[in-house]
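Novice: Got a file for you: upload23.pdb, PDB, C-alpha atoms.
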```pdb
ATOM      1  CA  MET X 282     231.798  71.248  87.356
ATOM      2  CA  ALA X 283     229.909  69.180  89.955
ATOM      3  CA  GLU X 284     231.918  66.939  92.297
ATOM      4  CA  LEU X 285     231.314  63.281  93.084
ATOM      5  CA  ASN X 286     230.779  62.595  96.774
ATOM      6  CA  GLU X 287     232.501  59.498  98.171
ATOM      7  CA  ILE X 288     230.282  59.257 101.243
ATOM      8  CA  ILE X 289     227.050  59.427  99.232
ATOM      9  CA  HIS X 290     228.229  57.224  96.356
ATOM     10  CA  GLN X 291     228.247  54.055  98.507
ATOM     11  CA  PRO X 292     225.188  52.092  97.136
ATOM     12  CA  VAL X 293     223.193  51.857 100.393
ATOM     13  CA  ARG X 294     223.844  55.488 101.351
ATOM     14  CA  LEU X 295     222.911  56.554  97.815
ATOM     15  CA  LYS X 296     219.541  54.797  98.252
ATOM     16  CA  ILE X 297     219.013  56.342 101.691
ATOM     17  CA  MET X 298     219.608  59.827 100.295
ATOM     18  CA  SER X 299     217.360  59.023  97.284
ATOM     19  CA  VAL X 300     214.526  58.458  99.746
ATOM     20  CA  LEU X 301     215.188  61.463 101.989
ATOM     21  CA  VAL X 302     216.058  64.218  99.499
ATOM     22  CA  PRO X 303     212.862  64.231  97.365
ATOM     23  CA  LEU X 304     210.742  64.703 100.506
ATOM     24  CA  ASN X 305     209.863  68.197 101.723
ATOM     25  CA  ASP X 306     212.357  69.517 104.254
ATOM     26  CA  GLU X 307     209.870  69.225 107.150
ATOM     27  CA  VAL X 308     209.140  65.543 106.482
ATOM     28  CA  GLN X 309     210.895  62.824 108.478
ATOM     29  CA  VAL X 310     211.013  59.114 107.609
ATOM     30  CA  ASN X 311     210.577  56.396 110.205
ATOM     31  CA  PHE X 312     213.583  54.061 110.706
ATOM     32  CA  THR X 313     211.469  50.877 110.394
ATOM     33  CA  TYR X 314     209.808  52.121 107.211
ATOM     34  CA  LEU X 315     213.171  53.076 105.689
ATOM     35  CA  LYS X 316     214.550  49.644 106.622
ATOM     36  CA  SER X 317     211.671  47.821 104.892
ATOM     37  CA  LEU X 318     211.698  50.171 101.889
ATOM     38  CA  LEU X 319     215.389  49.463 101.256
ATOM     39  CA  ASP X 320     215.387  45.787 102.355
ATOM     40  CA  LEU X 321     218.089  46.332 104.975
ATOM     41  CA  THR X 322     218.781  44.961 108.433
ATOM     42  CA  ASP X 323     218.725  47.159 111.556
ATOM     43  CA  GLY X 324     222.512  46.964 111.902
ATOM     44  CA  ASN X 325     223.272  47.701 108.273
ATOM     45  CA  LEU X 326     220.923  50.681 108.069
ATOM     46  CA  GLY X 327     222.099  51.997 111.452
ATOM     47  CA  ALA X 328     225.759  51.903 110.395
ATOM     48  CA  HIS X 329     225.121  53.828 107.177
ATOM     49  CA  LEU X 330     222.905  56.353 108.931
ATOM     50  CA  ARG X 331     225.668  57.031 111.447
ATOM     51  CA  LYS X 332     228.100  57.691 108.598
ATOM     52  CA  LEU X 333     225.696  60.132 106.950
ATOM     53  CA  GLU X 334     224.956  61.792 110.285
ATOM     54  CA  GLU X 335     228.687  62.243 110.991
ATOM     55  CA  ALA X 336     229.015  63.951 107.594
ATOM     56  CA  GLY X 337     226.169  66.297 108.535
ATOM     57  CA  TYR X 338     223.961  65.028 105.687
ATOM     58  CA  ILE X 339     221.098  63.723 107.804
ATOM     59  CA  GLU X 340     219.540  64.439 111.181
ATOM     60  CA  ILE X 341     218.230  61.663 113.427
ATOM     61  CA  THR X 342     215.439  62.311 115.938
ATOM     62  CA  LYS X 343     214.481  59.789 118.631
ATOM     63  CA  THR X 344     211.035  60.217 120.146
ATOM     64  CA  PHE X 345     208.003  58.350 121.492
ATOM     65  CA  VAL X 346     204.808  57.762 119.484
ATOM     66  CA  ASN X 347     201.949  56.082 121.404
ATOM     67  CA  ASN X 348     204.463  55.205 124.162
ATOM     68  CA  LYS X 349     206.699  53.373 121.691
ATOM     69  CA  PRO X 350     210.234  54.588 120.920
ATOM     70  CA  GLN X 351     210.543  55.722 117.318
ATOM     71  CA  THR X 352     213.468  56.987 115.276
ATOM     72  CA  TYR X 353     212.938  59.497 112.476
ATOM     73  CA  ILE X 354     215.436  60.564 109.842
ATOM     74  CA  GLU X 355     215.527  63.636 107.613
ATOM     75  CA  ALA X 356     218.022  65.096 105.148
ATOM     76  CA  THR X 357     219.780  68.320 106.174
ATOM     77  CA  ALA X 358     220.284  71.265 103.821
ATOM     78  CA  ALA X 359     223.949  70.232 103.439
ATOM     79  CA  GLY X 360     222.849  66.667 102.642
ATOM     80  CA  ARG X 361     220.424  67.863  99.993
ATOM     81  CA  ARG X 362     223.103  70.040  98.394
ATOM     82  CA  ALA X 363     225.686  67.228  98.455
ATOM     83  CA  PHE X 364     223.234  64.709  96.969
ATOM     84  CA  ARG X 365     222.154  67.059  94.182
ATOM     85  CA  GLU X 366     225.764  67.854  93.353
ATOM     86  CA  HIS X 367     226.581  64.133  93.300
ATOM     87  CA  VAL X 368     223.675  63.435  90.923
ATOM     88  CA  ALA X 369     224.785  66.335  88.704
ATOM     89  CA  ALA X 370     228.314  64.867  88.646
ATOM     90  CA  LEU X 371     226.933  61.441  87.666
ATOM     91  CA  GLU X 372     224.953  63.036  84.849
ATOM     92  CA  GLU X 373     228.047  64.907  83.656
ATOM     93  CA  ILE X 374     229.946  61.619  83.478
ATOM     94  CA  LEU X 375     227.183  60.125  81.377
ATOM     95  CA  ARG X 376     227.335  63.133  79.059
ATOM     96  CA  GLY X 377     231.052  62.473  78.725
ATOM     97  CA  ASN X 378     232.537  65.507  80.433
ATOM     98  CA  GLY X 379     233.049  64.235  83.954
ATOM     99  CA  HIS X 380     235.366  62.368  86.335
ATOM    100  CA  GLN X 381     236.215  59.219  84.364
TER     101      GLN X 381
ATOM    102  CA  MET V 203     237.049  59.973  92.982
ATOM    103  CA  ASN V 204     236.800  58.529  89.475
ATOM    104  CA  ILE V 205     234.065  56.252  88.133
ATOM    105  CA  SER V 206     233.158  54.905  84.706
ATOM    106  CA  PRO V 207     230.076  55.961  82.726
ATOM    107  CA  GLU V 208     228.655  52.443  83.383
ATOM    108  CA  GLU V 209     228.982  52.949  87.148
ATOM    109  CA  ALA V 210     227.406  56.389  86.831
ATOM    110  CA  GLN V 211     224.544  54.874  84.868
ATOM    111  CA  GLN V 212     224.048  52.173  87.516
ATOM    112  CA  ALA V 213     224.035  54.746  90.321
ATOM    113  CA  LEU V 214     221.458  56.914  88.531
ATOM    114  CA  ALA V 215     219.288  53.845  87.831
ATOM    115  CA  SER V 216     219.486  52.878  91.518
ATOM    116  CA  ILE V 217     218.339  56.411  92.509
ATOM    117  CA  GLN V 218     215.430  56.180  90.077
ATOM    118  CA  GLN V 219     214.364  52.739  91.351
ATOM    119  CA  THR V 220     214.437  53.915  94.964
ATOM    120  CA  LYS V 221     212.354  56.989  94.095
ATOM    121  CA  GLU V 222     209.798  54.733  92.373
ATOM    122  CA  ARG V 223     209.492  52.578  95.498
ATOM    123  CA  LEU V 224     209.039  55.704  97.610
ATOM    124  CA  ARG V 225     206.299  56.994  95.293
ATOM    125  CA  LYS V 226     204.255  53.870  96.023
ATOM    126  CA  GLY V 227     203.868  55.201  99.567
ATOM    127  CA  TYR V 228     202.033  58.259  98.218
ATOM    128  CA  GLY V 229     198.995  56.049  97.580
ATOM    129  CA  TYR V 230     198.255  56.179 101.295
ATOM    130  CA  TYR V 231     197.117  59.816 100.918
ATOM    131  CA  GLY V 232     194.350  58.581  98.622
ATOM    132  CA  TYR V 233     192.450  57.225 101.636
ATOM    133  CA  TYR V 234     191.781  60.804 102.827
ATOM    134  CA  GLY V 235     190.160  61.669  99.486
ATOM    135  CA  ILE V 236     188.098  58.463  99.563
ATOM    136  CA  ILE V 237     186.862  59.108 103.127
ATOM    137  CA  TRP V 238     185.998  62.813 102.756
ATOM    138  CA  GLY V 239     184.689  62.353  99.212
ATOM    139  CA  PHE V 240     182.273  59.728 100.559
ATOM    140  CA  VAL V 241     181.241  62.010 103.459
ATOM    141  CA  TRP V 242     180.493  64.898 101.080
ATOM    142  CA  LEU V 243     178.796  62.708  98.477
ATOM    143  CA  VAL V 244     176.354  61.083 100.908
ATOM    144  CA  GLY V 245     175.898  64.233 103.040
ATOM    145  CA  PHE V 246     175.107  66.538 100.122
ATOM    146  CA  LEU V 247     172.848  63.943  98.467
ATOM    147  CA  ALA V 248     170.907  63.785 101.746
ATOM    148  CA  SER V 249     170.734  67.612 101.818
ATOM    149  CA  GLN V 250     169.425  67.697  98.242
ATOM    150  CA  PHE V 251     166.841  64.912  98.400
ATOM    151  CA  LEU V 252     165.684  64.792 102.044
ATOM    152  CA  THR V 253     164.606  68.437 102.329
ATOM    153  CA  SER V 254     161.346  67.459 104.082
ATOM    154  CA  ARG V 255     163.281  65.653 106.842
ATOM    155  CA  PRO V 256     165.809  68.147 108.266
ATOM    156  CA  ALA V 257     166.447  65.997 111.351
ATOM    157  CA  VAL V 258     167.600  63.104 109.159
ATOM    158  CA  ILE V 259     169.900  65.471 107.234
ATOM    159  CA  GLY V 260     171.393  66.716 110.529
ATOM    160  CA  TRP V 261     171.992  63.192 111.854
ATOM    161  CA  THR V 262     173.413  62.024 108.521
ATOM    162  CA  TRP V 263     175.940  64.865 108.443
ATOM    163  CA  GLY V 264     176.774  64.462 112.140
ATOM    164  CA  ILE V 265     177.477  60.734 111.861
ATOM    165  CA  LEU V 266     179.396  61.100 108.575
ATOM    166  CA  VAL V 267     181.620  63.947 109.804
ATOM    167  CA  LEU V 268     182.329  62.169 113.106
ATOM    168  CA  ALA V 269     183.240  58.970 111.237
ATOM    169  CA  GLY V 270     185.406  61.049 108.866
ATOM    170  CA  TRP V 271     187.327  62.681 111.724
ATOM    171  CA  ILE V 272     187.848  59.401 113.591
ATOM    172  CA  SER V 273     189.081  57.526 110.508
ATOM    173  CA  SER V 274     191.326  60.453 109.458
ATOM    174  CA  ALA V 275     192.834  60.607 112.959
ATOM    175  CA  TRP V 276     193.436  56.849 112.881
ATOM    176  CA  LEU V 277     195.048  57.134 109.431
ATOM    177  CA  GLY V 278     197.240  59.991 110.643
ATOM    178  CA  MET V 279     198.455  57.971 113.637
ATOM    179  CA  HIS V 280     199.092  54.923 111.444
ATOM    180  CA  GLN V 281     200.907  57.070 108.894
ATOM    181  CA  ALA V 282     203.280  58.292 111.613
ATOM    182  CA  THR V 283     204.809  54.812 111.555
ATOM    183  CA  TYR V 284     206.026  55.633 108.001
ATOM    184  CA  VAL V 285     206.640  59.354 107.787
ATOM    185  CA  ARG V 286     205.770  62.376 109.879
ATOM    186  CA  SER V 287     205.622  66.030 109.064
ATOM    187  CA  VAL V 288     207.115  68.478 111.531
ATOM    188  CA  ILE V 289     204.593  71.110 110.447
ATOM    189  CA  GLY V 290     201.700  68.610 110.699
ATOM    190  CA  ALA V 291     200.963  69.488 114.330
ATOM    191  CA  ARG V 292     201.090  73.224 113.527
ATOM    192  CA  LEU V 293     198.674  72.730 110.627
ATOM    193  CA  GLY V 294     196.362  70.820 112.969
ATOM    194  CA  LEU V 295     196.369  73.813 115.346
ATOM    195  CA  PHE V 296     195.739  76.143 112.407
ATOM    196  CA  PHE V 297     192.640  74.137 111.417
ATOM    197  CA  LEU V 298     191.395  74.191 115.023
ATOM    198  CA  ALA V 299     191.810  77.997 115.074
ATOM    199  CA  LEU V 300     190.109  78.266 111.671
ATOM    200  CA  PHE V 301     187.100  76.271 112.901
ATOM    201  CA  ALA V 302     186.903  78.359 116.085
ATOM    202  CA  PHE V 303     186.925  81.583 114.036
ATOM    203  CA  ALA V 304     184.421  80.086 111.563
ATOM    204  CA  ILE V 305     181.988  79.473 114.437
ATOM    205  CA  LEU V 306     182.576  83.052 115.617
ATOM    206  CA  TRP V 307     181.890  84.459 112.132
ATOM    207  CA  PHE V 308     178.718  82.373 111.822
ATOM    208  CA  ILE V 309     177.514  83.898 115.114
ATOM    209  CA  ILE V 310     178.494  87.478 114.147
ATOM    210  CA  LEU V 311     177.033  87.381 110.620
ATOM    211  CA  PRO V 312     173.364  88.250 110.086
ATOM    212  CA  PRO V 313     171.176  85.164 109.421
ATOM    213  CA  LEU V 314     172.097  83.582 106.084
ATOM    214  CA  SER V 315     170.293  81.017 103.950
ATOM    215  CA  GLY V 316     171.254  77.362 104.506
ATOM    216  CA  LYS V 317     173.042  77.204 101.168
ATOM    217  CA  LEU V 318     175.007  80.372 101.829
ATOM    218  CA  TYR V 319     176.138  78.925 105.176
ATOM    219  CA  ILE V 320     177.303  75.798 103.358
ATOM    220  CA  LEU V 321     179.098  77.860 100.697
ATOM    221  CA  LEU V 322     180.850  79.891 103.395
ATOM    222  CA  PHE V 323     181.784  76.724 105.279
ATOM    223  CA  VAL V 324     183.163  74.784 102.295
ATOM    224  CA  THR V 325     185.146  77.777 101.026
ATOM    225  CA  LEU V 326     186.643  78.125 104.523
ATOM    226  CA  ILE V 327     187.717  74.472 104.351
ATOM    227  CA  PHE V 328     189.247  75.063 100.910
ATOM    228  CA  PHE V 329     190.990  78.186 102.240
ATOM    229  CA  GLY V 330     192.475  75.962 104.965
ATOM    230  CA  GLY V 331     193.516  73.502 102.250
ATOM    231  CA  VAL V 332     195.266  76.263 100.276
ATOM    232  CA  VAL V 333     197.138  77.427 103.399
ATOM    233  CA  SER V 334     198.150  73.812 104.187
ATOM    234  CA  GLY V 335     199.317  73.389 100.602
ATOM    235  CA  VAL V 336     201.411  76.559 100.769
ATOM    236  CA  PHE V 337     203.091  75.512 104.031
ATOM    237  CA  SER V 338     203.667  71.908 102.960
ATOM    238  CA  ARG V 339     204.699  73.086  99.454
ATOM    239  CA  SER V 340     202.044  70.930  97.807
ATOM    240  CA  VAL V 341     201.138  72.544  94.498
ATOM    241  CA  LEU V 342     198.528  69.810  93.976
ATOM    242  CA  ALA V 343     196.729  70.727  97.227
ATOM    243  CA  VAL V 344     196.688  74.434  96.291
ATOM    244  CA  ILE V 345     195.408  73.785  92.746
ATOM    245  CA  SER V 346     192.781  71.275  93.967
ATOM    246  CA  CYS V 347     191.430  73.606  96.649
ATOM    247  CA  VAL V 348     191.343  76.661  94.369
ATOM    248  CA  SER V 349     189.569  74.587  91.678
ATOM    249  CA  LEU V 350     187.026  73.256  94.209
ATOM    250  CA  THR V 351     186.398  76.825  95.414
ATOM    251  CA  VAL V 352     185.662  77.951  91.847
ATOM    252  CA  ILE V 353     183.418  74.896  91.280
ATOM    253  CA  SER V 354     181.496  75.636  94.519
ATOM    254  CA  LEU V 355     180.974  79.297  93.506
ATOM    255  CA  ILE V 356     179.767  78.254  90.040
ATOM    256  CA  GLY V 357     177.300  75.822  91.648
ATOM    257  CA  TYR V 358     175.989  78.447  94.059
ATOM    258  CA  TYR V 359     175.579  81.249  91.535
ATOM    259  CA  LEU V 360     174.459  79.261  88.476
ATOM    260  CA  VAL V 361     172.467  76.267  89.749
ATOM    261  CA  LEU V 362     171.295  77.306  93.212
ATOM    262  CA  GLY V 363     168.304  74.939  93.135
ATOM    263  CA  TYR V 364     170.628  71.954  92.682
ATOM    264  CA  PHE V 365     173.535  73.363  94.707
ATOM    265  CA  TYR V 366     173.728  70.356  97.084
ATOM    266  CA  LEU V 367     173.579  67.895  94.187
ATOM    267  CA  TRP V 368     176.273  69.945  92.449
ATOM    268  CA  MET V 369     178.470  69.750  95.563
ATOM    269  CA  ALA V 370     177.792  65.999  95.911
ATOM    270  CA  ILE V 371     178.957  65.367  92.344
ATOM    271  CA  PHE V 372     181.693  67.946  91.782
ATOM    272  CA  GLY V 373     182.914  68.098  95.383
ATOM    273  CA  GLY V 374     182.213  64.669  96.903
ATOM    274  CA  LEU V 375     182.310  62.327  93.928
ATOM    275  CA  SER V 376     185.335  64.019  92.329
ATOM    276  CA  MET V 377     187.217  63.925  95.674
ATOM    277  CA  PHE V 378     186.290  60.238  96.080
ATOM    278  CA  CYS V 379     187.409  59.355  92.523
ATOM    279  CA  PHE V 380     190.635  61.336  92.880
ATOM    280  CA  GLY V 381     191.379  59.556  96.181
ATOM    281  CA  LEU V 382     190.687  56.198  94.555
ATOM    282  CA  TYR V 383     192.947  57.112  91.623
ATOM    283  CA  VAL V 384     195.798  58.130  93.963
ATOM    284  CA  ARG V 385     195.364  54.923  96.001
ATOM    285  CA  LEU V 386     195.407  52.668  92.917
ATOM    286  CA  ARG V 387     198.070  54.617  91.011
ATOM    287  CA  TRP V 388     200.671  54.476  93.809
ATOM    288  CA  ARG V 389     200.010  51.213  95.607
TER     289      ARG V 389
END
```
Go ahead and render the structure in this file as structure tokens.
Specialist:
Amino acid sequence: MAELNEIIHQPVRLKIMSVLVPLNDEVQVNFTYLKSLLDLTDGNLGAHLRKLEEAGYIEITKTFVNNKPQTYIEATAAGRRAFREHVAALEEILRGNGHQ
Amino acid sequence: MNISPEEAQQALASIQQTKERLRKGYGYYGYYGIIWGFVWLVGFLASQFLTSRPAVIGWTWGILVLAGWISSAWLGMHQATYVRSVIGARLGLFFLALFAFAILWFIILPPLSGKLYILLFVTLIFFGGVVSGVFSRSVLAVISCVSLTVISLIGYYLVLGYFYLWMAIFGGLSMFCFGLYVRLRWR
């Protein structure tokens, strides 16, 4: 039976992982784009990204593009596994055989 | 951790909504189809109908391809403010190598007819597209490039006299329409 994941279940972190996991594993999302996509502030997004990074679910890369500092985020293999397991657990609950 | 079915439903709906918003970003890729579809459409129409003016055909292709490369490079740089692909740079190098080898093969090969050169060139581009699709795990890119290869071969072997017109319609126009569809579908 799939397990719910407390770190991922938080609404903002769930949305962050929903953006990162469907992308191919070599694709990284820009911080500013992610912020606008999810209607978040810099501080709010940064705090949740740190939490996910500490859990080993995402990787953050800081670099320069056209001499401007840019931050890119991608889901790790562990993050993808955890997210998929969380979604499976949610679906099990809906089917009536989960963690109610 | 225990949650109710209602909370589970809400969480799954939130995931779905976020994925939908992300999909809207895919429309950006449509610009590449629009640009290169236009280049092929106009270029091949010029090749088909301006046969008595080879210099005009050469200039038309030169200007179109240059404009295509510049606008694609600009799009790529702009796109990096949204997402970037780690293998993108490697694919760029692969295409450079492919073009270098293509030039070498054109030199090595015995003289070919103009249309055979074009067929060789477009199938090389589609081969590059298939390789890119395999590395970026894009089934759509692989299917599109294989289909376009088959269409090009059909045009060359069945309607040689109208090969350029065939490529303008089935290569250029279809690429343009597909790009437009992608742009409008996911905007």
Novice: List, as a tab-separated table (two decimals) with C-alpha atoms, in the coordinates of the input, every residue that the ChimeraX specification (/V :<8) & /X selects in the file provided.
Specialist:
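Saved the output as part00.tsv:
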```tsv
chain	number	residue	atom	x	y	z
X	285	LEU	CA	231.31	63.28	93.08
X	286	ASN	CA	230.78	62.60	96.77
X	287	GLU	CA	232.50	59.50	98.17
X	290	HIS	CA	228.23	57.22	96.36
X	292	PRO	CA	225.19	52.09	97.14
X	295	LEU	CA	222.91	56.55	97.82
X	296	LYS	CA	219.54	54.80	98.25
X	299	SER	CA	217.36	59.02	97.28
X	300	VAL	CA	214.53	58.46	99.75
X	303	PRO	CA	212.86	64.23	97.36
X	305	ASN	CA	209.86	68.20	101.72
X	307	GLU	CA	209.87	69.22	107.15
X	308	VAL	CA	209.14	65.54	106.48
X	309	GLN	CA	210.90	62.82	108.48
X	310	VAL	CA	211.01	59.11	107.61
X	311	ASN	CA	210.58	56.40	110.20
X	313	THR	CA	211.47	50.88	110.39
X	314	TYR	CA	209.81	52.12	107.21
X	315	LEU	CA	213.17	53.08	105.69
X	318	LEU	CA	211.70	50.17	101.89
X	319	LEU	CA	215.39	49.46	101.26
X	353	TYR	CA	212.94	59.50	112.48
X	368	VAL	CA	223.68	63.44	90.92
X	371	LEU	CA	226.93	61.44	87.67
X	372	GLU	CA	224.95	63.04	84.85
X	374	ILE	CA	229.95	61.62	83.48
X	375	LEU	CA	227.18	60.12	81.38
X	377	GLY	CA	231.05	62.47	78.72
X	380	HIS	CA	235.37	62.37	86.34
X	381	GLN	CA	236.22	59.22	84.36
```
Novice: Evaluate the PyMOL selection byres ((chain V and resi 358) around 12) here and jot the selected residues down as an NGL selection string.
Specialist: :V and (315-322 or 324-325 or 351-357 or 359-369)
Novice: Do you know which residues are at most 7 Å from range 240-242 of chain V counting only C-alpha atoms, after dropping those on the same chain fewer than 4 positions away, and could you put them as a ChimeraX atom specification?
Specialist: /V:236,246,266-267,270,370,373-374,378
Novice: Give, as lines of an AutoDock Vina configuration file, the centre coordinates and the x, y and z edge lengths in Å to one decimal for an axis-aligned box around all listed atoms of range 316-324 of chain V, padded by 5 Å on each side.
Specialist:
```
center_x = 177.2
center_y = 77.6
center_z = 103.0
size_x = 21.9
size_y = 15.6
size_z = 14.6
```
Novice: Report, in Å with one decimal, the straight-line distance from CA of Ile345 in chain V to CA of Val384 in chain V.
Specialist: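 Interatomic distance, CA of Ile345 in chain V to CA of Val384 in chain V: 15.7 Å.
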Novice: Could you work out how far CA of Val346 in chain X lies from CA of Tyr234 in chain V, giving the answer in Å with one decimal?
Specialist: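 So the two atoms, CA of Tyr234 in chain V and CA of Val346 in chain X, lie 21.4 Å apart.
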Novice: Just so the selection is clear, what residues does the PyMOL selection byres ((chain V and resi 331) around 10) cover here, as a VMD selection string?
Specialist: chain V and resid 293 297 325 to 330 332 to 337 340 343 to 348
Novice: Distance CA of Ala336 in chain X-CA of Ala370 in chain X, one decimal place?
Specialist: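 That distance, rounded to one decimal, is 19.0 Å.
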Novice: Could you list, as a PyMOL selection string, every residue within 8 Å of Gly381 in chain V, counting all atoms listed in the file and ignoring same-chain residues fewer than 4 positions away?
Specialist: chain V and resi 231-236+239+377+385
Novice: Would you export the selected residues with C-alpha atoms as a compact mmCIF listing (two decimals), in the coordinates of the input, please?
Specialist:
```txt
# COMPACT_ATOMS: atom_id res chain seq x y z
CA TYR V 231 197.12 59.82 100.92
CA GLY V 232 194.35 58.58 98.62
CA TYR V 233 192.45 57.22 101.64
CA TYR V 234 191.78 60.80 102.83
CA GLY V 235 190.16 61.67 99.49
CA ILE V 236 188.10 58.46 99.56
CA GLY V 239 184.69 62.35 99.21
CA MET V 377 187.22 63.92 95.67
CA ARG V 385 195.36 54.92 96.00
```
Novice: For His329 in chain X, list every protein, DNA or RNA residue within 8 Å, evaluated using only C-alpha atoms, and leave out those in the same chain fewer than 3 positions away; present the list as JSON, numbers by chain.
Specialist: {"X": [293, 294, 325, 326, 332, 333]}
Novice: List the neighbours of Tyr338 in chain X out to 6 Å using all atoms listed in the file; skip same-chain residues closer than 3 positions along the sequence, and give me the result as a ChimeraX atom specification.
Specialist: /X:333-334,356-357,359-360
Novice: Would you fill the gaps in range 296-315 of chain X so it has N, CA and C atoms, then print it as a CSV table (one decimal), in the frame of the given file?
Specialist:
```csv
chain,number,residue,atom,x,y,z
X,296,LYS,N,221.0,55.1,98.2
X,296,LYS,CA,219.5,54.8,98.3
X,296,LYS,C,218.9,55.6,99.4
X,297,ILE,N,219.6,55.6,100.5
X,297,ILE,CA,219.0,56.3,101.7
X,297,ILE,C,218.8,57.8,101.3
X,298,MET,N,219.8,58.4,100.7
X,298,MET,CA,219.6,59.8,100.3
X,298,MET,C,218.5,60.0,99.2
X,299,SER,N,218.4,59.0,98.3
X,299,SER,CA,217.4,59.0,97.3
X,299,SER,C,216.0,59.0,97.9
X,300,VAL,N,215.8,58.4,99.1
X,300,VAL,CA,214.5,58.5,99.7
X,300,VAL,C,214.3,59.8,100.4
X,301,LEU,N,215.4,60.3,101.1
X,301,LEU,CA,215.2,61.5,102.0
X,301,LEU,C,215.1,62.8,101.2
X,302,VAL,N,215.9,62.9,100.2
X,302,VAL,CA,216.1,64.2,99.5
X,302,VAL,C,214.8,64.7,98.8
X,303,PRO,N,214.1,63.7,98.1
X,303,PRO,CA,212.9,64.2,97.4
X,303,PRO,C,211.7,64.7,98.3
X,304,LEU,N,211.8,64.3,99.6
X,304,LEU,CA,210.7,64.7,100.5
X,304,LEU,C,210.9,66.2,100.9
X,305,ASN,N,209.8,66.8,101.2
X,305,ASN,CA,209.9,68.2,101.7
X,305,ASN,C,210.8,68.3,103.0
X,306,ASP,N,211.4,69.4,103.2
X,306,ASP,CA,212.4,69.5,104.3
X,306,ASP,C,211.8,69.4,105.7
X,307,GLU,N,210.4,69.4,105.8
X,307,GLU,CA,209.9,69.2,107.2
X,307,GLU,C,209.4,67.8,107.4
X,308,VAL,N,209.6,66.9,106.4
X,308,VAL,CA,209.1,65.5,106.5
X,308,VAL,C,210.3,64.6,106.9
X,309,GLN,N,209.9,63.8,107.9
X,309,GLN,CA,210.9,62.8,108.5
X,309,GLN,C,210.4,61.4,108.2
X,310,VAL,N,211.4,60.5,107.9
X,310,VAL,CA,211.0,59.1,107.6
X,310,VAL,C,211.3,58.2,108.8
X,311,ASN,N,210.4,57.3,109.1
X,311,ASN,CA,210.6,56.4,110.2
X,311,ASN,C,211.7,55.4,109.9
X,312,PHE,N,212.5,55.0,110.9
X,312,PHE,CA,213.6,54.1,110.7
X,312,PHE,C,213.1,52.7,110.2
X,313,THR,N,212.0,52.2,110.8
X,313,THR,CA,211.5,50.9,110.4
X,313,THR,C,211.0,50.9,109.0
X,314,TYR,N,210.3,52.0,108.6
X,314,TYR,CA,209.8,52.1,107.2
X,314,TYR,C,211.0,52.2,106.2
X,315,LEU,N,212.0,52.9,106.6
X,315,LEU,CA,213.2,53.1,105.7
X,315,LEU,C,213.9,51.7,105.5
```
